[in-house]
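Structure data (compact mmCIF, C-alpha atoms) from run-v2.txt:
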# COMPACT_ATOMS: atom_id res chain seq x y z
CA MET L 1 -10.65 -17.42 -9.38
CA ASN L 2 -12.28 -18.65 -6.23
CA PRO L 3 -13.01 -15.58 -4.09
CA ILE L 4 -13.04 -15.62 -0.33
CA SER L 5 -15.99 -14.24 1.60
CA ALA L 6 -16.06 -10.64 2.73
CA ASP L 7 -16.36 -11.92 6.30
CA GLN L 8 -13.14 -13.87 5.98
CA LEU L 9 -11.35 -10.84 4.57
CA LEU L 10 -12.53 -8.58 7.37
CA ALA L 11 -11.78 -11.18 10.02
CA ALA L 12 -8.15 -11.30 8.86
CA GLN L 13 -7.91 -7.52 8.80
CA SER L 14 -9.44 -7.23 12.24
CA TRP L 15 -7.01 -9.86 13.54
CA ARG L 16 -4.05 -7.93 12.14
CA TYR L 17 -2.34 -5.38 14.35
CA ALA L 18 1.11 -3.84 14.48
CA THR L 19 2.75 -6.59 16.49
CA LYS L 20 4.94 -5.19 19.25
CA GLN L 21 6.32 -8.43 20.60
CA PHE L 22 7.08 -11.41 18.39
CA ASP L 23 7.58 -14.96 19.59
CA GLU L 24 11.25 -15.49 18.82
CA SER L 25 10.85 -19.25 18.75
CA LYS L 26 8.29 -19.27 15.95
CA ILE L 27 9.65 -19.21 12.42
CA ILE L 28 7.52 -18.82 9.31
CA PRO L 29 7.73 -22.16 7.45
CA SER L 30 9.92 -21.77 4.36
CA GLU L 31 7.18 -22.73 1.94
CA LEU L 32 4.84 -20.11 3.38
CA TRP L 33 7.60 -17.52 3.36
CA SER L 34 8.29 -18.27 -0.31
CA ALA L 35 4.62 -17.62 -1.02
CA LEU L 36 4.83 -14.28 0.79
CA GLU L 37 7.85 -13.35 -1.34
CA GLU L 38 5.77 -14.26 -4.39
CA SER L 39 2.98 -12.10 -3.03
CA LEU L 40 5.43 -9.19 -2.72
CA ILE L 41 6.49 -9.74 -6.33
CA LEU L 42 2.87 -9.64 -7.43
CA SER L 43 2.32 -6.21 -5.82
CA PRO L 44 0.81 -3.71 -8.24
CA SER L 45 2.85 -0.67 -9.27
CA SER L 46 2.40 2.24 -11.62
CA TYR L 47 2.96 1.04 -15.22
CA GLY L 48 3.97 -2.26 -13.64
CA LEU L 49 7.42 -0.70 -13.25
CA GLN L 50 8.23 -2.39 -9.93
CA PRO L 51 10.58 0.37 -8.78
CA TRP L 52 11.71 -1.61 -5.79
CA GLN L 53 13.75 -4.35 -4.27
CA PHE L 54 12.85 -6.39 -1.21
CA PHE L 55 15.78 -7.24 1.04
CA VAL L 56 15.00 -10.13 3.34
CA ILE L 57 17.33 -9.90 6.30
CA THR L 58 17.92 -13.24 7.97
CA ASN L 59 21.47 -12.72 9.25
CA PRO L 60 21.13 -12.14 13.03
CA ASP L 61 24.27 -9.99 13.15
CA LEU L 62 22.85 -7.63 10.57
CA ARG L 63 19.57 -7.47 12.43
CA ALA L 64 21.35 -6.70 15.69
CA LYS L 65 23.18 -3.87 13.92
CA LEU L 66 19.95 -2.49 12.48
CA ARG L 67 18.05 -2.45 15.76
CA PRO L 68 19.66 0.66 17.30
CA HIS L 69 18.74 2.53 14.11
CA SER L 70 15.12 1.46 14.49
CA TRP L 71 14.25 3.17 17.76
CA ASN L 72 15.60 -0.03 19.30
CA GLN L 73 12.36 -1.83 18.50
CA SER L 74 12.55 -5.52 19.42
CA GLN L 75 10.70 -6.57 16.29
CA VAL L 76 13.86 -5.95 14.27
CA THR L 77 15.70 -8.80 15.97
CA ASP L 78 12.87 -10.98 17.29
CA ALA L 79 10.52 -11.47 14.36
CA SER L 80 10.94 -14.48 12.14
CA HIS L 81 11.67 -12.34 9.07
CA LEU L 82 12.58 -8.75 8.40
CA VAL L 83 11.99 -7.15 5.01
CA VAL L 84 13.62 -3.88 4.00
CA PHE L 85 11.74 -2.17 1.18
CA ALA L 86 14.10 -0.22 -1.09
CA ILE L 87 13.88 1.86 -4.24
CA PRO L 88 16.40 2.07 -7.09
CA GLU L 89 18.83 4.97 -6.82
CA GLU L 90 17.90 5.89 -10.37
CA VAL L 91 14.65 5.43 -12.22
CA ASP L 92 16.18 6.41 -15.53
CA VAL L 93 16.14 5.49 -19.21
CA ALA L 94 18.23 2.38 -18.54
CA TYR L 95 15.69 1.21 -15.97
CA MET L 96 12.82 1.78 -18.38
CA GLU L 97 14.66 -0.07 -21.15
CA LYS L 98 15.22 -3.01 -18.86
CA TYR L 99 11.52 -3.08 -18.05
CA LEU L 100 10.48 -2.86 -21.70
CA ALA L 101 12.87 -5.70 -22.56
CA ARG L 102 11.27 -7.75 -19.80
CA ILE L 103 7.77 -7.11 -21.17
CA ALA L 104 8.93 -8.22 -24.63
CA GLU L 105 10.48 -11.35 -23.13
CA VAL L 106 7.53 -12.38 -20.96
CA ARG L 107 4.88 -11.66 -23.55
CA GLY L 108 6.86 -12.85 -26.57
CA VAL L 109 6.43 -9.59 -28.44
CA THR L 110 8.91 -7.30 -30.20
CA LEU L 111 10.21 -4.11 -28.64
CA ASP L 112 8.84 -2.26 -31.65
CA SER L 113 5.33 -3.34 -30.78
CA LEU L 114 5.75 -1.56 -27.42
CA SER L 115 6.71 1.79 -28.91
CA PHE L 116 3.42 3.48 -28.07
CA TYR L 117 3.61 2.31 -24.47
CA ARG L 118 7.28 3.21 -24.33
CA ASP L 119 6.69 6.75 -25.58
CA MET L 120 3.88 7.27 -23.11
CA MET L 121 5.94 6.06 -20.14
CA MET L 122 9.06 7.96 -21.18
CA ALA L 123 7.08 11.18 -21.69
CA ASP L 124 5.64 10.86 -18.21
CA VAL L 125 8.36 9.32 -16.04
CA ILE L 126 11.58 10.45 -17.73
CA ALA L 127 10.80 13.61 -19.69
CA GLY L 128 7.70 14.74 -17.81
CA PRO L 129 7.03 16.46 -14.50
CA ARG L 130 7.19 13.13 -12.67
CA GLN L 131 10.98 13.03 -13.14
CA ALA L 132 11.40 15.91 -10.67
CA TRP L 133 10.07 13.72 -7.88
CA VAL L 134 10.65 10.26 -9.33
CA ARG L 135 12.28 8.92 -6.17
CA GLU L 136 9.38 9.99 -3.98
CA TRP L 137 7.02 8.50 -6.55
CA ALA L 138 8.97 5.24 -6.33
CA ALA L 139 8.70 5.44 -2.53
CA ARG L 140 4.93 5.71 -2.84
CA GLN L 141 4.91 2.57 -4.98
CA VAL L 142 6.85 0.82 -2.23
CA TYR L 143 4.02 1.66 0.15
CA ILE L 144 1.61 -0.14 -2.18
CA ALA L 145 3.82 -3.20 -1.77
CA LEU L 146 3.90 -2.64 1.99
CA GLY L 147 0.11 -2.41 2.16
CA ASN L 148 -0.26 -5.50 0.03
CA PHE L 149 2.28 -7.35 2.17
CA MET L 150 0.59 -6.64 5.50
CA THR L 151 -2.84 -7.66 4.19
CA SER L 152 -1.49 -10.77 2.46
CA ALA L 153 0.40 -11.88 5.54
CA ALA L 154 -2.68 -11.45 7.75
CA LEU L 155 -4.74 -13.55 5.37
CA VAL L 156 -2.35 -16.47 5.66
CA GLY L 157 -2.09 -16.02 9.45
CA VAL L 158 1.25 -14.24 9.66
CA ASP L 159 1.75 -11.24 11.92
CA THR L 160 3.56 -8.12 10.81
CA CYS L 161 4.78 -4.82 12.13
CA PRO L 162 5.59 -1.99 9.75
CA LEU L 163 8.69 -0.07 10.77
CA GLU L 164 8.80 3.50 9.57
CA GLY L 165 10.93 4.58 12.49
CA ILE L 166 14.15 3.49 10.86
CA ASP L 167 17.13 5.57 9.84
CA PRO L 168 17.29 4.84 6.11
CA ARG L 169 20.85 6.11 5.76
CA GLU L 170 22.13 3.84 8.52
CA TYR L 171 20.18 0.94 7.04
CA ASP L 172 21.78 1.66 3.66
CA THR L 173 25.25 1.66 5.16
CA ILE L 174 24.81 -1.49 7.23
CA LEU L 175 23.23 -3.43 4.37
CA GLY L 176 25.48 -1.97 1.66
CA LEU L 177 22.47 -0.97 -0.40
CA PRO L 178 23.98 1.93 -2.37
CA ASP L 179 26.60 -0.47 -3.76
CA LYS L 180 23.71 -2.55 -5.03
CA GLY L 181 22.02 0.56 -6.50
CA TYR L 182 19.24 0.82 -3.94
CA ASN L 183 18.12 2.97 -1.01
CA SER L 184 15.98 1.80 1.88
CA ILE L 185 12.59 3.39 2.49
CA VAL L 186 10.72 1.39 5.11
CA ALA L 187 10.89 -2.02 6.78
CA CYS L 188 8.40 -4.62 7.94
CA ALA L 189 8.86 -7.42 10.45
CA ALA L 190 6.92 -10.65 9.97
CA GLY L 191 6.41 -13.67 12.18
CA TYR L 192 4.11 -14.69 14.99
CA ARG L 193 2.86 -12.63 17.92
CA SER L 194 4.06 -13.49 21.38
CA ALA L 195 1.36 -14.68 23.78
CA GLU L 196 2.65 -11.92 26.04
CA ASP L 197 2.05 -9.05 23.64
CA LYS L 198 -0.68 -7.16 25.45
CA TYR L 199 -1.28 -5.01 22.37
CA SER L 200 -2.85 -7.96 20.59
CA SER L 201 -5.92 -7.67 22.79
CA PHE L 202 -6.36 -3.89 22.53
CA ALA L 203 -9.44 -2.68 20.67
CA LYS L 204 -8.56 -1.44 17.21
CA VAL L 205 -8.95 2.32 16.99
CA ARG L 206 -10.53 3.74 13.88
CA PHE L 207 -12.37 7.01 13.38
CA GLU L 208 -16.09 6.71 12.77
CA LYS L 209 -16.92 5.48 9.28
CA SER L 210 -18.64 8.81 8.61
CA ASP L 211 -15.30 10.52 9.30
CA LEU L 212 -13.40 8.33 6.85
CA VAL L 213 -15.73 7.50 3.98
CA ARG L 214 -17.89 10.03 2.17
CA HIS L 215 -20.15 9.50 -0.80
CA LEU L 216 -20.31 12.13 -3.50
CA MET K 1 -8.58 -16.40 12.73
CA ASN K 2 -9.08 -18.89 9.96
CA PRO K 3 -6.27 -18.30 7.45
CA ILE K 4 -6.62 -18.89 3.74
CA SER K 5 -4.08 -21.01 1.91
CA ALA K 6 -1.07 -19.44 0.27
CA ASP K 7 -2.31 -20.86 -3.04
CA GLN K 8 -5.59 -19.03 -2.71
CA LEU K 9 -3.81 -15.78 -1.92
CA LEU K 10 -1.51 -16.07 -4.91
CA ALA K 11 -4.34 -17.14 -7.22
CA ALA K 12 -6.19 -13.92 -6.36
CA GLN K 13 -3.10 -11.81 -6.87
CA SER K 14 -2.36 -13.47 -10.19
CA TRP K 15 -5.96 -12.92 -11.28
CA ARG K 16 -5.73 -9.23 -10.42
CA TYR K 17 -4.60 -6.82 -13.14
CA ALA K 18 -5.06 -3.13 -13.79
CA THR K 19 -8.43 -3.38 -15.49
CA LYS K 20 -8.60 -1.21 -18.58
CA GLN K 21 -12.18 -1.87 -19.56
CA PHE K 22 -14.92 -2.38 -17.01
CA ASP K 23 -18.31 -3.92 -17.72
CA GLU K 24 -20.58 -0.91 -17.21
CA SER K 25 -23.58 -3.13 -16.53
CA LYS K 26 -22.04 -4.89 -13.55
CA ILE K 27 -22.39 -3.20 -10.21
CA ILE K 28 -20.71 -4.35 -7.02
CA PRO K 29 -23.52 -5.55 -4.69
CA SER K 30 -24.05 -3.03 -1.92
CA GLU K 31 -23.24 -5.50 0.86
CA LEU K 32 -19.93 -6.40 -0.76
CA TRP K 33 -19.14 -2.75 -1.34
CA SER K 34 -19.82 -1.98 2.32
CA ALA K 35 -17.32 -4.69 3.24
CA LEU K 36 -14.73 -3.11 0.95
CA GLU K 37 -15.32 0.23 2.66
CA GLU K 38 -14.77 -1.54 5.96
CA SER K 39 -11.58 -3.04 4.55
CA LEU K 40 -10.40 0.46 3.62
CA ILE K 41 -11.10 1.63 7.14
CA LEU K 42 -9.07 -1.27 8.52
CA SER K 43 -6.00 -0.24 6.48
CA PRO K 44 -2.89 0.07 8.63
CA SER K 45 -1.25 3.48 8.99
CA SER K 46 1.66 4.88 10.93
CA TYR K 47 0.65 5.32 14.60
CA GLY K 48 -2.82 4.30 13.42
CA LEU K 49 -3.30 7.98 12.53
CA GLN K 50 -5.43 7.31 9.45
CA PRO K 51 -4.39 10.52 7.71
CA TRP K 52 -6.91 10.06 4.95
CA GLN K 53 -10.41 10.20 3.69
CA PHE K 54 -11.96 7.96 1.07
CA PHE K 55 -14.37 9.72 -1.28
CA VAL K 56 -16.63 7.25 -3.06
CA ILE K 57 -17.89 8.91 -6.21
CA THR K 58 -21.17 7.50 -7.43
CA ASN K 59 -22.68 10.60 -9.06
CA PRO K 60 -22.33 10.04 -12.84
CA ASP K 61 -22.11 13.77 -13.54
CA LEU K 62 -19.14 14.13 -11.23
CA ARG K 63 -17.48 11.13 -12.80
CA ALA K 64 -17.99 12.55 -16.28
CA LYS K 65 -16.38 15.78 -15.11
CA LEU K 66 -13.43 13.93 -13.62
CA ARG K 67 -12.70 11.85 -16.70
CA PRO K 68 -11.00 14.55 -18.80
CA HIS K 69 -8.67 15.16 -15.87
CA SER K 70 -7.74 11.49 -15.76
CA TRP K 71 -6.11 11.11 -19.19
CA ASN K 72 -9.67 10.43 -20.35
CA GLN K 73 -9.47 6.90 -18.99
CA SER K 74 -12.80 5.08 -19.40
CA GLN K 75 -12.47 3.44 -15.98
CA VAL K 76 -13.41 6.75 -14.34
CA THR K 77 -16.93 6.64 -15.76
CA ASP K 78 -17.44 2.95 -16.49
CA ALA K 79 -16.39 1.13 -13.34
CA SER K 80 -19.00 0.31 -10.74
CA HIS K 81 -17.29 2.45 -8.09
CA LEU K 82 -14.63 5.14 -8.04
CA VAL K 83 -12.67 5.93 -4.88
CA VAL K 84 -10.63 9.09 -4.52
CA PHE K 85 -7.98 8.77 -1.83
CA ALA K 86 -7.34 12.08 -0.08
CA ILE K 87 -5.18 13.42 2.73
CA PRO K 88 -6.05 16.10 5.29
CA GLU K 89 -4.84 19.58 4.38
CA GLU K 90 -3.29 19.78 7.82
CA VAL K 91 -1.86 17.04 9.99
CA ASP K 92 -1.52 19.32 12.97
CA VAL K 93 -1.98 19.39 16.72
CA ALA K 94 -5.76 19.51 16.35
CA TYR K 95 -5.68 16.39 14.21
CA MET K 96 -3.52 14.57 16.75
CA GLU K 97 -5.82 15.63 19.60
CA LYS K 98 -8.81 14.30 17.72
CA TYR K 99 -7.03 10.98 17.27
CA LEU K 100 -6.02 10.77 20.92
CA ALA K 101 -9.60 11.51 21.97
CA ARG K 102 -10.75 8.71 19.71
CA ILE K 103 -8.29 6.25 21.27
CA ALA K 104 -9.54 7.20 24.72
CA GLU K 105 -13.14 6.74 23.58
CA VAL K 106 -12.67 3.37 21.85
CA ARG K 107 -10.47 1.86 24.53
CA GLY K 108 -12.26 3.39 27.48
CA VAL K 109 -9.10 4.95 28.91
CA THR K 110 -8.26 8.45 30.08
CA LEU K 111 -6.36 10.93 27.93
CA ASP K 112 -3.81 11.13 30.74
CA SER K 113 -3.01 7.45 30.34
CA LEU K 114 -1.99 8.20 26.74
CA SER K 115 0.51 10.90 27.63
CA PHE K 116 3.57 8.81 26.81
CA TYR K 117 2.18 7.86 23.44
CA ARG K 118 1.03 11.41 22.86
CA ASP K 119 4.46 12.88 23.61
CA MET K 120 6.15 10.37 21.32
CA MET K 121 3.81 11.09 18.43
CA MET K 122 3.91 14.84 18.91
CA ALA K 123 7.70 14.86 19.09
CA ASP K 124 7.89 12.94 15.84
CA VAL K 125 5.01 14.16 13.71
CA ILE K 126 4.45 17.72 14.92
CA ALA K 127 7.71 18.94 16.45
CA GLY K 128 10.11 16.58 14.69
CA PRO K 129 11.64 16.39 11.23
CA ARG K 130 8.58 14.59 9.90
CA GLN K 131 6.57 17.83 10.08
CA ALA K 132 8.59 19.26 7.17
CA TRP K 133 7.19 16.61 4.86
CA VAL K 134 4.07 15.60 6.75
CA ARG K 135 1.82 15.84 3.72
CA GLU K 136 4.04 13.58 1.65
CA TRP K 137 4.21 11.21 4.59
CA ALA K 138 0.41 11.21 4.71
CA ALA K 139 0.39 10.51 0.97
CA ARG K 140 2.58 7.47 1.56
CA GLN K 141 0.09 6.23 4.13
CA VAL K 142 -2.62 6.59 1.52
CA TYR K 143 -0.65 4.23 -0.70
CA ILE K 144 -0.76 1.62 2.06
CA ALA K 145 -4.54 1.91 1.91
CA LEU K 146 -4.42 1.72 -1.88
CA GLY K 147 -2.29 -1.45 -1.78
CA ASN K 148 -4.56 -2.98 0.83
CA PHE K 149 -7.63 -2.05 -1.23
CA MET K 150 -6.43 -3.64 -4.46
CA THR K 151 -5.43 -6.87 -2.73
CA SER K 152 -8.62 -7.01 -0.68
CA ALA K 153 -10.80 -6.42 -3.72
CA ALA K 154 -9.04 -9.15 -5.71
CA LEU K 155 -9.57 -11.60 -2.87
CA VAL K 156 -13.32 -11.08 -2.93
CA GLY K 157 -13.40 -11.19 -6.74
CA VAL K 158 -13.61 -7.48 -7.49
CA ASP K 159 -11.50 -5.88 -10.22
CA THR K 160 -9.67 -2.62 -9.72
CA CYS K 161 -7.59 -0.13 -11.62
CA PRO K 162 -5.39 2.33 -9.76
CA LEU K 163 -5.45 5.79 -11.33
CA GLU K 164 -2.35 7.83 -10.67
CA GLY K 165 -2.76 9.76 -13.89
CA ILE K 166 -5.21 12.20 -12.42
CA ASP K 167 -4.87 15.94 -11.97
CA PRO K 168 -5.28 16.27 -8.21
CA ARG K 169 -5.98 20.00 -8.35
CA GLU K 170 -8.80 19.54 -10.85
CA TYR K 171 -10.15 16.66 -8.78
CA ASP K 172 -10.08 18.89 -5.71
CA THR K 173 -11.99 21.63 -7.48
CA ILE K 174 -14.63 19.36 -9.01
CA LEU K 175 -15.23 17.48 -5.78
CA GLY K 176 -14.92 20.52 -3.52
CA LEU K 177 -12.33 18.77 -1.36
CA PRO K 178 -10.48 21.81 0.01
CA ASP K 179 -13.75 23.06 1.51
CA LYS K 180 -13.93 19.73 3.31
CA GLY K 181 -10.30 20.05 4.45
CA TYR K 182 -8.84 17.41 2.13
CA ASN K 183 -6.68 17.10 -0.98
CA SER K 184 -6.83 14.27 -3.47
CA ILE K 185 -3.80 12.06 -4.01
CA VAL K 186 -4.74 9.08 -6.14
CA ALA K 187 -7.87 7.28 -7.30
CA CYS K 188 -8.91 3.69 -7.84
CA ALA K 189 -11.76 2.31 -9.94
CA ALA K 190 -13.48 -0.89 -8.82
CA GLY K 191 -15.98 -3.16 -10.52
CA TYR K 192 -15.91 -6.06 -12.94
CA ARG K 193 -13.75 -6.52 -16.02
CA SER K 194 -15.40 -6.44 -19.40
CA ALA K 195 -15.22 -9.70 -21.36
CA GLU K 196 -13.73 -7.56 -24.11
CA ASP K 197 -10.76 -6.27 -22.11
CA LYS K 198 -7.90 -7.93 -23.93
CA TYR K 199 -5.50 -6.92 -21.18
CA SER K 200 -7.07 -9.46 -18.85
CA SER K 201 -5.43 -12.27 -20.81
CA PHE K 202 -1.97 -10.73 -21.08
CA ALA K 203 0.79 -12.47 -19.16
CA LYS K 204 1.70 -10.59 -16.00
CA VAL K 205 5.13 -9.01 -16.33
CA ARG K 206 7.44 -9.19 -13.34
CA PHE K 207 11.20 -9.05 -13.17
CA GLU K 208 12.92 -12.29 -12.21
CA LYS K 209 12.59 -13.10 -8.54
CA SER K 210 16.38 -12.79 -8.22
CA ASP K 211 16.04 -9.18 -9.44
CA LEU K 212 13.41 -8.31 -6.85
CA VAL K 213 14.14 -10.29 -3.70
CA ARG K 214 17.55 -10.58 -2.12
CA HIS K 215 18.51 -12.35 1.08
CA LEU K 216 21.10 -10.76 3.34

As structure tokens, please, write out the structure in this file.
Amino acid sequence: MNPISADQLLAAQSWRYATKQFDESKIIPSELWSALEESLILSPSSYGLQPWQFFVITNPDLRAKLRPHSWNQSQVTDASHLVVFAIPEEVDVAYMEKYLARIAEVRGVTLDSLSFYRDMMMADVIAGPRQAWVREWAARQVYIALGNFMTSAALVGVDTCPLEGIDPREYDTILGLPDKGYNSIVACAAGYRSAEDKYSSFAKVRFEKSDLVRHL
Amino acid sequence: MNPISADQLLAAQSWRYATKQFDESKIIPSELWSALEESLILSPSSYGLQPWQFFVITNPDLRAKLRPHSWNQSQVTDASHLVVFAIPEEVDVAYMEKYLARIAEVRGVTLDSLSFYRDMMMADVIAGPRQAWVREWAARQVYIALGNFMTSAALVGVDTCPLEGIDPREYDTILGLPDKGYNSIVACAAGYRSAEDKYSSFAKVRFEKSDLVRHL
């Protein structure tokens, strides 16, 4: 591992802002976009469960249909790429079994050898108190992926705008997500800022460090 | 902005794993840690509201007290740094006013010039449907910061382990967070992996790309 400097990290994060106006003519090169999809896949999640699916919407008709259900924000149609972050309708025993089978496959181990891990996960996620709010818990995991995505994109010079102001039910209907077993949570546009986006030059607003970080 | 290559990004994310065993003798240099605090501060959040506080726990006594309320995970005491991610007890009008005042201060504009933005935020967060679940919404924002933190740390060569298996109420009591107006949500240990952590060599388990990313 060849780390980057702290200065380079902070420069990318300072450069990042919630892009209001994308340059419609600038498309993320396909190789770079593939890498960003890989970066999404590498997002951390609790137990490594990956309770998500990333829908990359490239069809302009779909994006035009989504826009009115996104406070009419232009990013939905104008950015190079639009990602809808979704969670599984059910995080149930079948989902856990699928995950355990995948661990066994990738690591070349038997399912039996995972029994301790399996019991621990099942006791927590399926039989434990987490089950009562398992969908919200999955939604929180999606926000890890969202955070990772925005930082990763900035580092490779890609602009993003997170879109919480979407109507998830309308998104589900337009994209047919329930038929696929998923529900949308949040979206994120990615591409390149327009030279005309005045927001790109605004000073970033953060509370004082002493208001945000405390040492105990 | 001087972007890094996609390969370098993915190398860092592949190197990252949820560290089980930290090397107790290795401390993150203070300058690098300061940069990671800055990176936390630069985390994106909805409206830029920053509904969070990051408690950096360095006191070994506190960390020893927290460990039993963290499934006794050794990372709580052994990692160089421990961050507890917390949300404000109230995301209310006073909080919004404080944020608006900060925007005016940083950007050198009048509060009056922010009235459109203010009305939009208030209508959504305070008077709108979001108020009913504003704390959970704040918790989701915290997960953006968590995702950003883990990716940022990996890029500068720092190991992390997210800790969801904590008892937030016990954490609150031990750290006195309610008196400070905050409630703990999740924690993350940061430091350097022990050479003995066998998990560092395990293959990373992800579902097939076709199971995680779909194009529509």

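The residue that comes closest to Trp133 (chain L), out of L:Asp61, L:His69, L:Ala145, L:Glu90 and on the basis of all atoms listed in the file, is L:Glu90.
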
Check: Excluding same-chain residues fewer than 4 positions from Arg102 (chain L), what lies within 10 Å of it counting all atoms listed in the file, as JSON, numbers by chain?
Finding: {"L": [96, 97, 98, 106, 107, 108, 111], "K": [205, 206, 207, 208]}

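Relative to CA of Gln53 (chain L), CA of Val156 (chain K) is found at 27.9 Å.
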
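Distances here use only C-alpha atoms; by that measure, the residue among L:Pro168, L:Pro129, L:Gly176, L:Pro44 closest to Gly147 (chain L) is L:Pro44.
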
Next item on the list: Could you tell me how far CA of Leu32 (chain L) lies from CA of Leu155 (chain L), in Å and to one decimal?
Entry: 11.8 Å

Note to self: Give me, as a PyMOL selection string, all polymer residues having an atom no more than 9 Å from Trp71 (chain K), counting only C-alpha atoms and skipping those fewer than 6 positions away in the same chain.
What the structure shows: chain K and resi 165-167

Next item on the list: Write out as number ranges by chain each polymer residue whose atoms come within 10 Å of Lys204 (chain L), counting all atoms listed in the file; drop sequence neighbours fewer than 3 positions from it.
Entry: L: 14-17, 199-201; K: 42, 48, 103, 106-107

Grab the residues selected above and save them as an mmCIF file, keeping the file's coordinate frame with C-alpha atoms.
data_model
loop_
_atom_site.group_PDB
_atom_site.id
_atom_site.type_symbol
_atom_site.label_atom_id
_atom_site.label_comp_id
_atom_site.auth_asym_id
_atom_site.auth_seq_id
_atom_site.Cartn_x
_atom_site.Cartn_y
_atom_site.Cartn_z
ATOM 1 C CA SER L 14 -9.440 -7.230 12.240
ATOM 2 C CA TRP L 15 -7.010 -9.860 13.540
ATOM 3 C CA ARG L 16 -4.050 -7.930 12.140
ATOM 4 C CA TYR L 17 -2.340 -5.380 14.350
ATOM 5 C CA TYR L 199 -1.280 -5.010 22.370
ATOM 6 C CA SER L 200 -2.850 -7.960 20.590
ATOM 7 C CA SER L 201 -5.920 -7.670 22.790
ATOM 8 C CA LEU K 42 -9.070 -1.270 8.520
ATOM 9 C CA GLY K 48 -2.820 4.300 13.420
ATOM 10 C CA ILE K 103 -8.290 6.250 21.270
ATOM 11 C CA VAL K 106 -12.670 3.370 21.850
ATOM 12 C CA ARG K 107 -10.470 1.860 24.530
#

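In this comparison, which uses only C-alpha atoms, the residue of L:Arg169, L:Lys20, L:Lys209, L:Lys198 approaching Tyr182 (chain L) most closely is L:Arg169.
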
Kindly compute an axis-aligned box around the listed atoms of region 16-24 of chain K, allowing 6 Å on each side, and express its centre and edge lengths in Å to one decimal as AutoDock Vina command-line options.
--center_x -12.6 --center_y -5.1 --center_z -15.0 --size_x 28.0 --size_y 20.3 --size_z 21.1

Note to self: Taking 6 positions as the minimum chain separation for residues in the same chain, which residues sit within 7 Å of Tyr192 (chain L) when counting only C-alpha atoms? Answer as a VMD selection string.
What the structure shows: chain L and resid 22 to 23 26 158 to 159

Next item on the list: Find, counting all atoms listed in the file, the residue in L:Cys188, L:Leu212, L:Ala104, L:Ala94 that gets nearest to chain K.
Entry: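 The answer is L:Leu212, which sits nearest to chain K.
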
Next item on the list: Considering all atoms listed in the file, state which residue in the set K:Thr110, K:Asn148, K:Ser70, K:Ser194 is at the smallest distance from chain L.
Entry: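 Selected residue with least distance to chain L: K:Asn148.
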
Note to self: Nearest residue to chain L out of K:Asp78, K:Asp92, K:Asp124, K:Asp179, using only C-alpha atoms?
What the structure shows: K:Asp124

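CA of Pro3 (chain L) sits 28.9 Å away from CA of Pro51 (chain L).
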